[in-house]
Amino acid sequence: MILIDGLRAVATMDDAGTELEDASILIDAGVIRWIGVGRAPVSQPPEVLDGHGLVAIPGLVNTHHHLYQTLTRVRAQQGGLFEWLRELYPVWATIDADWERSAAEVGLAELALSGCSTTTDHHYVFPSGVLGLLETEIEVAAQLGMRFHPCRGSMDLGQSQGGLPPDSVVENRDAILAATDDAIARFHKPESGSMVRIAVGPCSPFSVSPELMRESAALARRHGVRLHTHIAETLDEEKYCQKTFGRRPVEFLDDLGFLGPDVWLAHCVHLGAPDIARLAETKTGVAWCPTSNMRLGSGFAPGRELLDAGVTVGLAVDGSASNDSGNLLGEARQALLTTRARRGAAAMTARDALRLATRGGAACLGRDDIGSLQVGKRADIALFAVDGLAFRGAESDPIAALILCNPGPVHHLFVEGKLVVHDGHLVNVSEASLIWA
Ligand SMILES: [Zn+2]
């Protein structure tokens with residue numbers, strides 16, 4: 001039993017947006033048992049963690065990533081998506097399990113240090129004969145103590161078939177489907193509090209055949225797991241879909257049965273009003289990646305419009321080759337700033353941005369047991385110190401300050417009631433070993 005006592009403030013992110021001051025949180029067996037103002041009543045002496053000078057928010061939820069890209073930062077610096085991909089595919093074709101381990105360690109560590117307790121990963125590069133890629137990242141997430149939703153991604157449309165990737169990085173459709181079945185059977189845990197859930201993630205319209213998209217959706221639905229892909233990221237992609245299928249990207253997915261409450265889609269930058277209405281109607285989620293979309297010059301996703309239409313929206317850092325970092329709290333700030341640049345200062349509040357990064361992310365991943373700090377929810381809690389230099393002058397609203405100021409790394413991070421970050425450092429892995437490995 002752990003009591004986090006004397007918290008400066010708590011943003012619970014419950015439906016009512018309840019916020020508390022001078023509060024405490026009692027954790028037992030990975031679950032929040034009590035949360036409120038003052039000290040939690042306890043029947044036996046708990047382990048106490050001093051919360052003075054700290055703000056508690058739900059652990060952040062990252063809805064799109066490519067961890068392997070962490071080792072290929074600052075490449076193709078002036079390239080848009082297609083140019084950038086063409087330069088990087090041959091580099092990624094040399095991936096192996098050692099690469100995956102180093103990249104996942106660094107990428108997941110960065111996320112954890114930004115307050116992220118749950119992340120997905122969209123791994124879609126499986127060069128022929130290379131084994132253990134998905135297994136390795138699942139192992140690393142468990143080692144760090146993070147909640148993990150890896151997608152068994154895929155590409156089957158190489159250049160010789162009219163796709164964008166070289167043939168050396170695509171797989172055969174039957175092999176993909178068999179490997180996906182196998183990943184679900186071995187790793188997927190559907191229960192509440194689950195630390196690993198597998199999703200099915202064919203990569204994009206220009207690297208996957210429509211047949212594989214259709215069969216991936218059928219496979220995911222047979223197993224009751226979630227579906228993920230990239231869509232409507234750039235104007236080049238829109239042109240490709242119009243030329244190849246005579247459909248806009250979201251219409252193309254709709255034709256394939258690839259929309260629905262069990263689907264969340266990365267990017268959704270180039271959407272028309274009918275696309276937004278269709279995402280809302282089908283209860284399809286969106287992983288909004290502001291930094292990546294700006295880095296590649298793709299544009300600005302209509303986050304505000306999606307929220308106003310009732311679409312489920314989460315935030316994501318995207319792969320580190322198109323973000324060059326992995327700070328999810330920083331991504332919430334980017335979402336707020338880009339929205340305000342497009343729509344004015346009233347278009348998004350700091351609390352809206354925090355809600356996207358917590359409740360929105362949890363909803364994208366189909367989880368109702370995380371994303372808010374409430375009795376009975378899993379104890380995924382990010383605690384930020386607000387008594388340092390960056391917060392001097394921001395004392396009147398320490399919760400908004402997490403988005404509007406520069407909070408630096410998380411102070412403590414709990415996942416499933418266990419400390420993953422303590423005093424600003426990883427608990428289960430040595431940071432020095434990640435840098436010099
Ligand atoms: Zn991506």
# chains A, B, ... in the order shown; residues from 1 in each chain; ligands from 1

$ residues_near_ligand --ligand "ligand 1" --cutoff "12 Å" --atoms "only C-alpha atoms and all ligand atoms" --output "PyMOL selection string"
chain A and resi 63-69+81+85+120-125+151+153+201-204+228-234+265-268+287-293+296+316-323

$ residues_around --residues "Leu279 in chain A" --least-positions-apart "4" --cutoff "9 Å" --atoms "only C-alpha atoms" --output "PyMOL selection string"
chain A and resi 250+259-260+274-275+283-286+306+309-312

$ residues_around --residues "range 20-22 of chain A" --least-positions-apart "6" --cutoff "7 Å" --atoms "only C-alpha atoms" --output "CSV table (one decimal) with C-alpha atoms, in the first residue's frame"
chain,number,residue,atom,x,y,z
A,6,GLY,CA,0.4,16.3,0.5
A,7,LEU,CA,0.0,16.9,-3.2
A,8,ARG,CA,-0.1,20.5,-4.3
A,9,ALA,CA,-2.8,19.7,-6.9
A,10,VAL,CA,-4.4,16.8,-8.8
A,11,ALA,CA,-6.1,17.0,-12.2
A,36,GLY,CA,-9.3,13.2,-2.2
A,37,VAL,CA,-8.5,16.3,-0.2
A,38,GLY,CA,-6.4,15.7,2.9

$ atom_distance --atom1 "CA of Pro90 in chain A" --atom2 "CA of Arg214 in chain A"
27.4 Å

$ closest_residue --among "A:Asp15, A:Leu49, A:Leu404, A:Arg295" --to "Ser325 in chain A" --atoms "only C-alpha atoms"
A:Arg295

$ closest_residue --among "A:Leu88, A:Leu60, A:Ala362, A:Ala385" --to "Ser117 in chain A" --atoms "only C-alpha atoms"
A:Leu60

$ select_by_dssp --residues "range 336-423 of chain A" --states "helix (DSSP H, G or I)" --output "PDB file with N, CA, C and O atoms, in the first residue's frame"
ATOM      1  N   LEU A 336      -1.855  22.310 -28.486  1.00  0.00           N
ATOM      2  CA  LEU A 336      -2.492  23.572 -28.071  1.00  0.00           C
ATOM      3  C   LEU A 336      -2.008  24.734 -28.941  1.00  0.00           C
ATOM      4  O   LEU A 336      -2.805  25.519 -29.448  1.00  0.00           O
ATOM      5  N   LEU A 337      -0.705  24.809 -29.136  1.00  0.00           N
ATOM      6  CA  LEU A 337      -0.154  25.960 -29.864  1.00  0.00           C
ATOM      7  C   LEU A 337      -0.560  25.950 -31.337  1.00  0.00           C
ATOM      8  O   LEU A 337      -0.929  26.983 -31.893  1.00  0.00           O
ATOM      9  N   THR A 338      -0.528  24.780 -31.972  1.00  0.00           N
ATOM     10  CA  THR A 338      -0.894  24.758 -33.404  1.00  0.00           C
ATOM     11  C   THR A 338      -2.382  25.047 -33.572  1.00  0.00           C
ATOM     12  O   THR A 338      -2.784  25.713 -34.522  1.00  0.00           O
ATOM     13  N   THR A 339      -3.177  24.571 -32.622  1.00  0.00           N
ATOM     14  CA  THR A 339      -4.609  24.850 -32.705  1.00  0.00           C
ATOM     15  C   THR A 339      -4.870  26.345 -32.566  1.00  0.00           C
ATOM     16  O   THR A 339      -5.667  26.942 -33.301  1.00  0.00           O
ATOM     17  N   ARG A 340      -4.155  26.961 -31.629  1.00  0.00           N
ATOM     18  CA  ARG A 340      -4.333  28.405 -31.435  1.00  0.00           C
ATOM     19  C   ARG A 340      -3.819  29.199 -32.634  1.00  0.00           C
ATOM     20  O   ARG A 340      -4.405  30.217 -33.006  1.00  0.00           O
ATOM     21  N   ALA A 341      -2.737  28.721 -33.239  1.00  0.00           N
ATOM     22  CA  ALA A 341      -2.220  29.415 -34.423  1.00  0.00           C
ATOM     23  C   ALA A 341      -3.261  29.370 -35.553  1.00  0.00           C
ATOM     24  O   ALA A 341      -3.412  30.322 -36.310  1.00  0.00           O
ATOM     25  N   ARG A 342      -3.975  28.249 -35.653  1.00  0.00           N
ATOM     26  CA  ARG A 342      -4.981  28.100 -36.707  1.00  0.00           C
ATOM     27  C   ARG A 342      -6.290  28.797 -36.374  1.00  0.00           C
ATOM     28  O   ARG A 342      -6.935  29.380 -37.237  1.00  0.00           O
ATOM     29  N   ARG A 343      -6.719  28.686 -35.105  1.00  0.00           N
ATOM     30  CA  ARG A 343      -8.100  29.037 -34.776  1.00  0.00           C
ATOM     31  C   ARG A 343      -8.254  30.124 -33.711  1.00  0.00           C
ATOM     32  O   ARG A 343      -9.379  30.410 -33.297  1.00  0.00           O
ATOM     33  N   ALA A 345      -6.774  32.093 -29.842  1.00  0.00           N
ATOM     34  CA  ALA A 345      -6.322  31.707 -28.501  1.00  0.00           C
ATOM     35  C   ALA A 345      -7.390  30.978 -27.694  1.00  0.00           C
ATOM     36  O   ALA A 345      -7.073  30.247 -26.756  1.00  0.00           O
ATOM     37  N   ALA A 346      -8.655  31.168 -28.038  1.00  0.00           N
ATOM     38  CA  ALA A 346      -9.719  30.519 -27.253  1.00  0.00           C
ATOM     39  C   ALA A 346      -9.999  29.092 -27.735  1.00  0.00           C
ATOM     40  O   ALA A 346     -10.798  28.370 -27.138  1.00  0.00           O
ATOM     41  N   ALA A 347      -9.327  28.674 -28.807  1.00  0.00           N
ATOM     42  CA  ALA A 347      -9.697  27.407 -29.455  1.00  0.00           C
ATOM     43  C   ALA A 347      -9.282  26.169 -28.665  1.00  0.00           C
ATOM     44  O   ALA A 347      -9.831  25.085 -28.877  1.00  0.00           O
ATOM     45  N   ALA A 350      -5.462  24.659 -21.807  1.00  0.00           N
ATOM     46  CA  ALA A 350      -4.424  23.753 -21.309  1.00  0.00           C
ATOM     47  C   ALA A 350      -5.067  22.445 -20.846  1.00  0.00           C
ATOM     48  O   ALA A 350      -4.511  21.360 -21.040  1.00  0.00           O
ATOM     49  N   ARG A 351      -6.250  22.539 -20.234  1.00  0.00           N
ATOM     50  CA  ARG A 351      -6.926  21.316 -19.765  1.00  0.00           C
ATOM     51  C   ARG A 351      -7.413  20.454 -20.928  1.00  0.00           C
ATOM     52  O   ARG A 351      -7.391  19.224 -20.855  1.00  0.00           O
ATOM     53  N   ASP A 352      -7.855  21.106 -22.013  1.00  0.00           N
ATOM     54  CA  ASP A 352      -8.228  20.340 -23.228  1.00  0.00           C
ATOM     55  C   ASP A 352      -7.030  19.514 -23.692  1.00  0.00           C
ATOM     56  O   ASP A 352      -7.155  18.342 -24.055  1.00  0.00           O
ATOM     57  N   ALA A 353      -5.858  20.152 -23.701  1.00  0.00           N
ATOM     58  CA  ALA A 353      -4.652  19.480 -24.201  1.00  0.00           C
ATOM     59  C   ALA A 353      -4.285  18.303 -23.298  1.00  0.00           C
ATOM     60  O   ALA A 353      -3.929  17.224 -23.773  1.00  0.00           O
ATOM     61  N   LEU A 354      -4.394  18.506 -21.979  1.00  0.00           N
ATOM     62  CA  LEU A 354      -4.103  17.412 -21.039  1.00  0.00           C
ATOM     63  C   LEU A 354      -5.102  16.268 -21.187  1.00  0.00           C
ATOM     64  O   LEU A 354      -4.753  15.098 -21.069  1.00  0.00           O
ATOM     65  N   ARG A 355      -6.347  16.625 -21.457  1.00  0.00           N
ATOM     66  CA  ARG A 355      -7.384  15.592 -21.616  1.00  0.00           C
ATOM     67  C   ARG A 355      -7.118  14.739 -22.862  1.00  0.00           C
ATOM     68  O   ARG A 355      -7.288  13.527 -22.859  1.00  0.00           O
ATOM     69  N   LEU A 356      -6.660  15.390 -23.939  1.00  0.00           N
ATOM     70  CA  LEU A 356      -6.299  14.647 -25.153  1.00  0.00           C
ATOM     71  C   LEU A 356      -5.224  13.617 -24.856  1.00  0.00           C
ATOM     72  O   LEU A 356      -5.271  12.479 -25.316  1.00  0.00           O
ATOM     73  N   ALA A 357      -4.226  14.040 -24.049  1.00  0.00           N
ATOM     74  CA  ALA A 357      -3.058  13.191 -23.794  1.00  0.00           C
ATOM     75  C   ALA A 357      -3.341  12.093 -22.767  1.00  0.00           C
ATOM     76  O   ALA A 357      -2.502  11.230 -22.552  1.00  0.00           O
ATOM     77  N   THR A 358      -4.510  12.147 -22.123  1.00  0.00           N
ATOM     78  CA  THR A 358      -4.842  11.154 -21.084  1.00  0.00           C
ATOM     79  C   THR A 358      -6.099  10.375 -21.472  1.00  0.00           C
ATOM     80  O   THR A 358      -6.005   9.260 -21.998  1.00  0.00           O
ATOM     81  N   ARG A 359      -7.266  11.005 -21.294  1.00  0.00           N
ATOM     82  CA  ARG A 359      -8.527  10.330 -21.616  1.00  0.00           C
ATOM     83  C   ARG A 359      -8.637  10.009 -23.098  1.00  0.00           C
ATOM     84  O   ARG A 359      -9.096   8.931 -23.499  1.00  0.00           O
ATOM     85  N   GLY A 360      -8.211  10.980 -23.935  1.00  0.00           N
ATOM     86  CA  GLY A 360      -8.307  10.781 -25.385  1.00  0.00           C
ATOM     87  C   GLY A 360      -7.470   9.597 -25.834  1.00  0.00           C
ATOM     88  O   GLY A 360      -7.916   8.748 -26.605  1.00  0.00           O
ATOM     89  N   GLY A 361      -6.253   9.522 -25.301  1.00  0.00           N
ATOM     90  CA  GLY A 361      -5.360   8.421 -25.662  1.00  0.00           C
ATOM     91  C   GLY A 361      -5.910   7.090 -25.195  1.00  0.00           C
ATOM     92  O   GLY A 361      -5.887   6.089 -25.929  1.00  0.00           O
ATOM     93  N   ALA A 362      -6.400   7.059 -23.953  1.00  0.00           N
ATOM     94  CA  ALA A 362      -6.949   5.810 -23.405  1.00  0.00           C
ATOM     95  C   ALA A 362      -8.122   5.333 -24.270  1.00  0.00           C
ATOM     96  O   ALA A 362      -8.237   4.136 -24.575  1.00  0.00           O
ATOM     97  N   ALA A 363      -8.969   6.274 -24.701  1.00  0.00           N
ATOM     98  CA  ALA A 363     -10.127   5.895 -25.526  1.00  0.00           C
ATOM     99  C   ALA A 363      -9.668   5.359 -26.885  1.00  0.00           C
ATOM    100  O   ALA A 363     -10.227   4.380 -27.395  1.00  0.00           O
ATOM    101  N   CYS A 364      -8.643   5.964 -27.471  1.00  0.00           N
ATOM    102  CA  CYS A 364      -8.120   5.466 -28.756  1.00  0.00           C
ATOM    103  C   CYS A 364      -7.668   4.008 -28.619  1.00  0.00           C
ATOM    104  O   CYS A 364      -7.851   3.215 -29.536  1.00  0.00           O
ATOM    105  N   LEU A 389      12.409  26.276 -11.036  1.00  0.00           N
ATOM    106  CA  LEU A 389      12.601  27.512 -11.806  1.00  0.00           C
ATOM    107  C   LEU A 389      11.524  27.719 -12.875  1.00  0.00           C
ATOM    108  O   LEU A 389      10.983  28.815 -13.026  1.00  0.00           O
ATOM    109  N   ALA A 390      11.210  26.650 -13.610  1.00  0.00           N
ATOM    110  CA  ALA A 390      10.294  26.770 -14.747  1.00  0.00           C
ATOM    111  C   ALA A 390       8.899  27.208 -14.313  1.00  0.00           C
ATOM    112  O   ALA A 390       8.119  27.689 -15.138  1.00  0.00           O
ATOM    113  N   PHE A 391       8.567  27.036 -13.019  1.00  0.00           N
ATOM    114  CA  PHE A 391       7.207  27.328 -12.552  1.00  0.00           C
ATOM    115  C   PHE A 391       7.132  28.582 -11.684  1.00  0.00           C
ATOM    116  O   PHE A 391       6.073  28.940 -11.207  1.00  0.00           O
ATOM    117  N   PRO A 398      -0.982  25.733 -11.223  1.00  0.00           N
ATOM    118  CA  PRO A 398       0.091  24.768 -11.526  1.00  0.00           C
ATOM    119  C   PRO A 398      -0.328  23.691 -12.521  1.00  0.00           C
ATOM    120  O   PRO A 398       0.541  23.068 -13.137  1.00  0.00           O
ATOM    121  N   ILE A 399      -1.636  23.473 -12.697  1.00  0.00           N
ATOM    122  CA  ILE A 399      -2.068  22.448 -13.667  1.00  0.00           C
ATOM    123  C   ILE A 399      -1.893  22.973 -15.093  1.00  0.00           C
ATOM    124  O   ILE A 399      -1.266  22.320 -15.937  1.00  0.00           O
ATOM    125  N   ALA A 400      -2.390  24.184 -15.346  1.00  0.00           N
ATOM    126  CA  ALA A 400      -2.192  24.780 -16.677  1.00  0.00           C
ATOM    127  C   ALA A 400      -0.709  24.964 -16.963  1.00  0.00           C
ATOM    128  O   ALA A 400      -0.260  24.859 -18.114  1.00  0.00           O
ATOM    129  N   ALA A 401       0.065  25.192 -15.903  1.00  0.00           N
ATOM    130  CA  ALA A 401       1.503  25.428 -16.079  1.00  0.00           C
ATOM    131  C   ALA A 401       2.214  24.228 -16.696  1.00  0.00           C
ATOM    132  O   ALA A 401       3.231  24.385 -17.368  1.00  0.00           O
ATOM    133  N   LEU A 402       1.662  23.021 -16.492  1.00  0.00           N
ATOM    134  CA  LEU A 402       2.289  21.834 -17.097  1.00  0.00           C
ATOM    135  C   LEU A 402       2.312  21.941 -18.614  1.00  0.00           C
ATOM    136  O   LEU A 402       3.192  21.393 -19.278  1.00  0.00           O
ATOM    137  N   ILE A 403       1.312  22.607 -19.184  1.00  0.00           N
ATOM    138  CA  ILE A 403       1.236  22.764 -20.638  1.00  0.00           C
ATOM    139  C   ILE A 403       1.871  24.079 -21.078  1.00  0.00           C
ATOM    140  O   ILE A 403       2.569  24.137 -22.081  1.00  0.00           O
ATOM    141  N   LEU A 404       1.614  25.147 -20.314  1.00  0.00           N
ATOM    142  CA  LEU A 404       2.040  26.470 -20.782  1.00  0.00           C
ATOM    143  C   LEU A 404       3.504  26.777 -20.461  1.00  0.00           C
ATOM    144  O   LEU A 404       4.145  27.524 -21.171  1.00  0.00           O
TER     145      LEU A 404
END

$ residues_around --residues "Met1 in chain A" --least-positions-apart "4" --cutoff "6 Å" --atoms "only C-alpha atoms" --output "VMD selection string"
chain A and resid 27 to 28 46

$ write_last_selection --atoms "all heavy atoms" --output "JSON list (two decimals), in the first residue's frame"
[["chain", "number", "residue", "atom", "x", "y", "z"],
["A", 27, "ILE", "N", -2.76, 3.93, -3.09],
["A", 27, "ILE", "CA", -2.63, 2.90, -4.12],
["A", 27, "ILE", "C", -2.45, 1.55, -3.44],
["A", 27, "ILE", "O", -1.69, 1.43, -2.48],
["A", 27, "ILE", "CB", -1.35, 3.13, -4.96],
["A", 27, "ILE", "CG1", -1.35, 4.51, -5.61],
["A", 27, "ILE", "CG2", -1.17, 2.05, -5.99],
["A", 27, "ILE", "CD1", 0.02, 4.86, -6.22],
["A", 28, "ASP", "N", -3.13, 0.54, -3.95],
["A", 28, "ASP", "CA", -2.89, -0.81, -3.46],
["A", 28, "ASP", "C", -3.10, -1.81, -4.59],
["A", 28, "ASP", "O", -4.07, -1.69, -5.34],
["A", 28, "ASP", "CB", -3.84, -1.12, -2.28],
["A", 28, "ASP", "CG", -3.45, -2.42, -1.58],
["A", 28, "ASP", "OD1", -2.25, -2.77, -1.59],
["A", 28, "ASP", "OD2", -4.35, -3.08, -1.03],
["A", 46, "PRO", "N", 0.82, 2.80, 5.66],
["A", 46, "PRO", "CA", 1.29, 2.56, 4.29],
["A", 46, "PRO", "C", 2.72, 3.08, 4.11],
["A", 46, "PRO", "O", 3.24, 3.77, 4.98],
["A", 46, "PRO", "CB", 0.33, 3.41, 3.47],
["A", 46, "PRO", "CG", -0.02, 4.55, 4.37],
["A", 46, "PRO", "CD", 0.09, 4.07, 5.79]]

$ select_by_dssp --residues "range 76-316 of chain A" --states "strand (DSSP E or B)" --output "PyMOL selection string"
chain A and resi 116-123+147-154+196+199-202+226-231+263-267+285-288+313-315

$ atom_distance --atom1 "CA of Ala103 in chain A" --atom2 "CA of Phe414 in chain A"
22.5 Å

$ residues_around --residues "His411 in chain A" --least-positions-apart "3" --cutoff "12 Å" --atoms "only C-alpha atoms" --output "count of residues only"
34

$ closest_atom_pairs --of "range 256-367 of chain A" --to "range 182-191 of chain A" --cutoff "12 Å" --atoms "only C-alpha atoms" --output "JSON lines"
{"residue": "A:Leu365", "atom": "CA", "partner": "A:Pro190", "partner_atom": "CA", "distance": 11.8}
{"residue": "A:Gly366", "atom": "CA", "partner": "A:Pro190", "partner_atom": "CA", "distance": 10.5}
{"residue": "A:Arg367", "atom": "CA", "partner": "A:Pro190", "partner_atom": "CA", "distance": 10.1}

$ write_last_selection --atoms "all heavy atoms" --output "PDB file, in the first residue's frame"
ATOM      1  N   LEU A 365      -7.050   3.691 -27.471  1.00  0.00           N
ATOM      2  CA  LEU A 365      -6.541   2.327 -27.280  1.00  0.00           C
ATOM      3  C   LEU A 365      -7.606   1.402 -26.696  1.00  0.00           C
ATOM      4  O   LEU A 365      -7.315   0.249 -26.357  1.00  0.00           O
ATOM      5  CB  LEU A 365      -5.299   2.350 -26.384  1.00  0.00           C
ATOM      6  CG  LEU A 365      -4.104   3.138 -26.933  1.00  0.00           C
ATOM      7  CD1 LEU A 365      -2.880   2.944 -26.045  1.00  0.00           C
ATOM      8  CD2 LEU A 365      -3.758   2.738 -28.365  1.00  0.00           C
ATOM      9  N   GLY A 366      -8.832   1.912 -26.551  1.00  0.00           N
ATOM     10  CA  GLY A 366      -9.935   1.064 -26.101  1.00  0.00           C
ATOM     11  C   GLY A 366      -9.855   0.707 -24.626  1.00  0.00           C
ATOM     12  O   GLY A 366     -10.271  -0.373 -24.226  1.00  0.00           O
ATOM     13  N   ARG A 367      -9.329   1.643 -23.800  1.00  0.00           N
ATOM     14  CA  ARG A 367      -9.159   1.322 -22.379  1.00  0.00           C
ATOM     15  C   ARG A 367      -9.998   2.240 -21.519  1.00  0.00           C
ATOM     16  O   ARG A 367      -9.931   3.459 -21.655  1.00  0.00           O
ATOM     17  CB  ARG A 367      -7.684   1.465 -21.995  1.00  0.00           C
ATOM     18  CG  ARG A 367      -6.846   0.500 -22.824  1.00  0.00           C
ATOM     19  CD  ARG A 367      -5.617   0.072 -22.178  1.00  0.00           C
ATOM     20  NE  ARG A 367      -5.753  -0.581 -20.914  1.00  0.00           N
ATOM     21  CZ  ARG A 367      -4.958  -1.591 -20.514  1.00  0.00           C
ATOM     22  NH1 ARG A 367      -4.047  -2.077 -21.323  1.00  0.00           N
ATOM     23  NH2 ARG A 367      -5.097  -2.111 -19.318  1.00  0.00           N
TER      24      ARG A 367
END

$ closest_residue --among "A:Gln44, A:Gly326, A:Phe206, A:Ala273" --to "Lys243 in chain A" --atoms "only C-alpha atoms"
A:Phe206

$ decode --residues "range 5-13 of chain A" --atoms "all heavy atoms" --output "mmCIF file, in the first residue's frame"
data_model
loop_
_atom_site.group_PDB
_atom_site.id
_atom_site.type_symbol
_atom_site.label_atom_id
_atom_site.label_comp_id
_atom_site.auth_asym_id
_atom_site.auth_seq_id
_atom_site.Cartn_x
_atom_site.Cartn_y
_atom_site.Cartn_z
ATOM 1 N N ASP A 5 1.150 11.621 -0.465
ATOM 2 C CA ASP A 5 0.544 12.522 0.513
ATOM 3 C C ASP A 5 0.966 13.974 0.283
ATOM 4 O O ASP A 5 2.092 14.238 -0.126
ATOM 5 C CB ASP A 5 1.016 12.049 1.909
ATOM 6 C CG ASP A 5 0.207 12.705 3.005
ATOM 7 O OD1 ASP A 5 -0.961 13.041 2.763
ATOM 8 O OD2 ASP A 5 0.768 12.879 4.107
ATOM 9 N N GLY A 6 0.028 14.905 0.549
ATOM 10 C CA GLY A 6 0.368 16.331 0.535
ATOM 11 C C GLY A 6 0.546 16.922 -0.846
ATOM 12 O O GLY A 6 1.289 17.888 -1.027
ATOM 13 N N LEU A 7 -0.162 16.372 -1.834
ATOM 14 C CA LEU A 7 -0.015 16.852 -3.219
ATOM 15 C C LEU A 7 -0.483 18.302 -3.357
ATOM 16 O O LEU A 7 -1.550 18.674 -2.858
ATOM 17 C CB LEU A 7 -0.835 15.957 -4.165
ATOM 18 C CG LEU A 7 -0.234 14.571 -4.424
ATOM 19 C CD1 LEU A 7 -1.300 13.618 -4.949
ATOM 20 C CD2 LEU A 7 0.920 14.698 -5.415
ATOM 21 N N ARG A 8 0.275 19.077 -4.077
ATOM 22 C CA ARG A 8 -0.093 20.485 -4.326
ATOM 23 C C ARG A 8 -1.412 20.549 -5.101
ATOM 24 O O ARG A 8 -2.291 21.327 -4.784
ATOM 25 C CB ARG A 8 1.052 21.129 -5.125
ATOM 26 C CG ARG A 8 0.763 22.450 -5.764
ATOM 27 C CD ARG A 8 0.933 23.594 -4.758
ATOM 28 N NE ARG A 8 0.794 24.871 -5.400
ATOM 29 C CZ ARG A 8 -0.385 25.435 -5.716
ATOM 30 N NH1 ARG A 8 -1.508 24.827 -5.438
ATOM 31 N NH2 ARG A 8 -0.419 26.632 -6.300
ATOM 32 N N ALA A 9 -1.534 19.715 -6.122
ATOM 33 C CA ALA A 9 -2.772 19.701 -6.911
ATOM 34 C C ALA A 9 -2.900 18.370 -7.651
ATOM 35 O O ALA A 9 -1.896 17.693 -7.910
ATOM 36 C CB ALA A 9 -2.781 20.843 -7.927
ATOM 37 N N VAL A 10 -4.154 18.010 -7.971
ATOM 38 C CA VAL A 10 -4.426 16.807 -8.755
ATOM 39 C C VAL A 10 -5.418 17.172 -9.860
ATOM 40 O O VAL A 10 -6.460 17.769 -9.580
ATOM 41 C CB VAL A 10 -5.056 15.684 -7.885
ATOM 42 C CG1 VAL A 10 -5.372 14.458 -8.734
ATOM 43 C CG2 VAL A 10 -4.149 15.315 -6.723
ATOM 44 N N ALA A 11 -5.094 16.845 -11.097
ATOM 45 C CA ALA A 11 -6.071 16.954 -12.201
ATOM 46 C C ALA A 11 -6.539 15.531 -12.465
ATOM 47 O O ALA A 11 -5.794 14.736 -13.041
ATOM 48 C CB ALA A 11 -5.400 17.547 -13.431
ATOM 49 N N THR A 12 -7.754 15.200 -12.010
ATOM 50 C CA THR A 12 -8.196 13.795 -12.095
ATOM 51 C C THR A 12 -8.562 13.391 -13.514
ATOM 52 O O THR A 12 -8.537 12.212 -13.842
ATOM 53 C CB THR A 12 -9.420 13.531 -11.197
ATOM 54 O OG1 THR A 12 -10.548 14.234 -11.733
ATOM 55 C CG2 THR A 12 -9.163 13.941 -9.756
ATOM 56 N N MET A 13 -8.969 14.377 -14.338
ATOM 57 C CA MET A 13 -9.439 14.083 -15.699
ATOM 58 C C MET A 13 -10.657 13.151 -15.690
ATOM 59 O O MET A 13 -10.880 12.392 -16.636
ATOM 60 C CB MET A 13 -8.315 13.494 -16.565
ATOM 61 C CG MET A 13 -7.233 14.491 -16.887
ATOM 62 S SD MET A 13 -7.845 15.815 -17.962
ATOM 63 C CE MET A 13 -6.855 17.193 -17.378
#
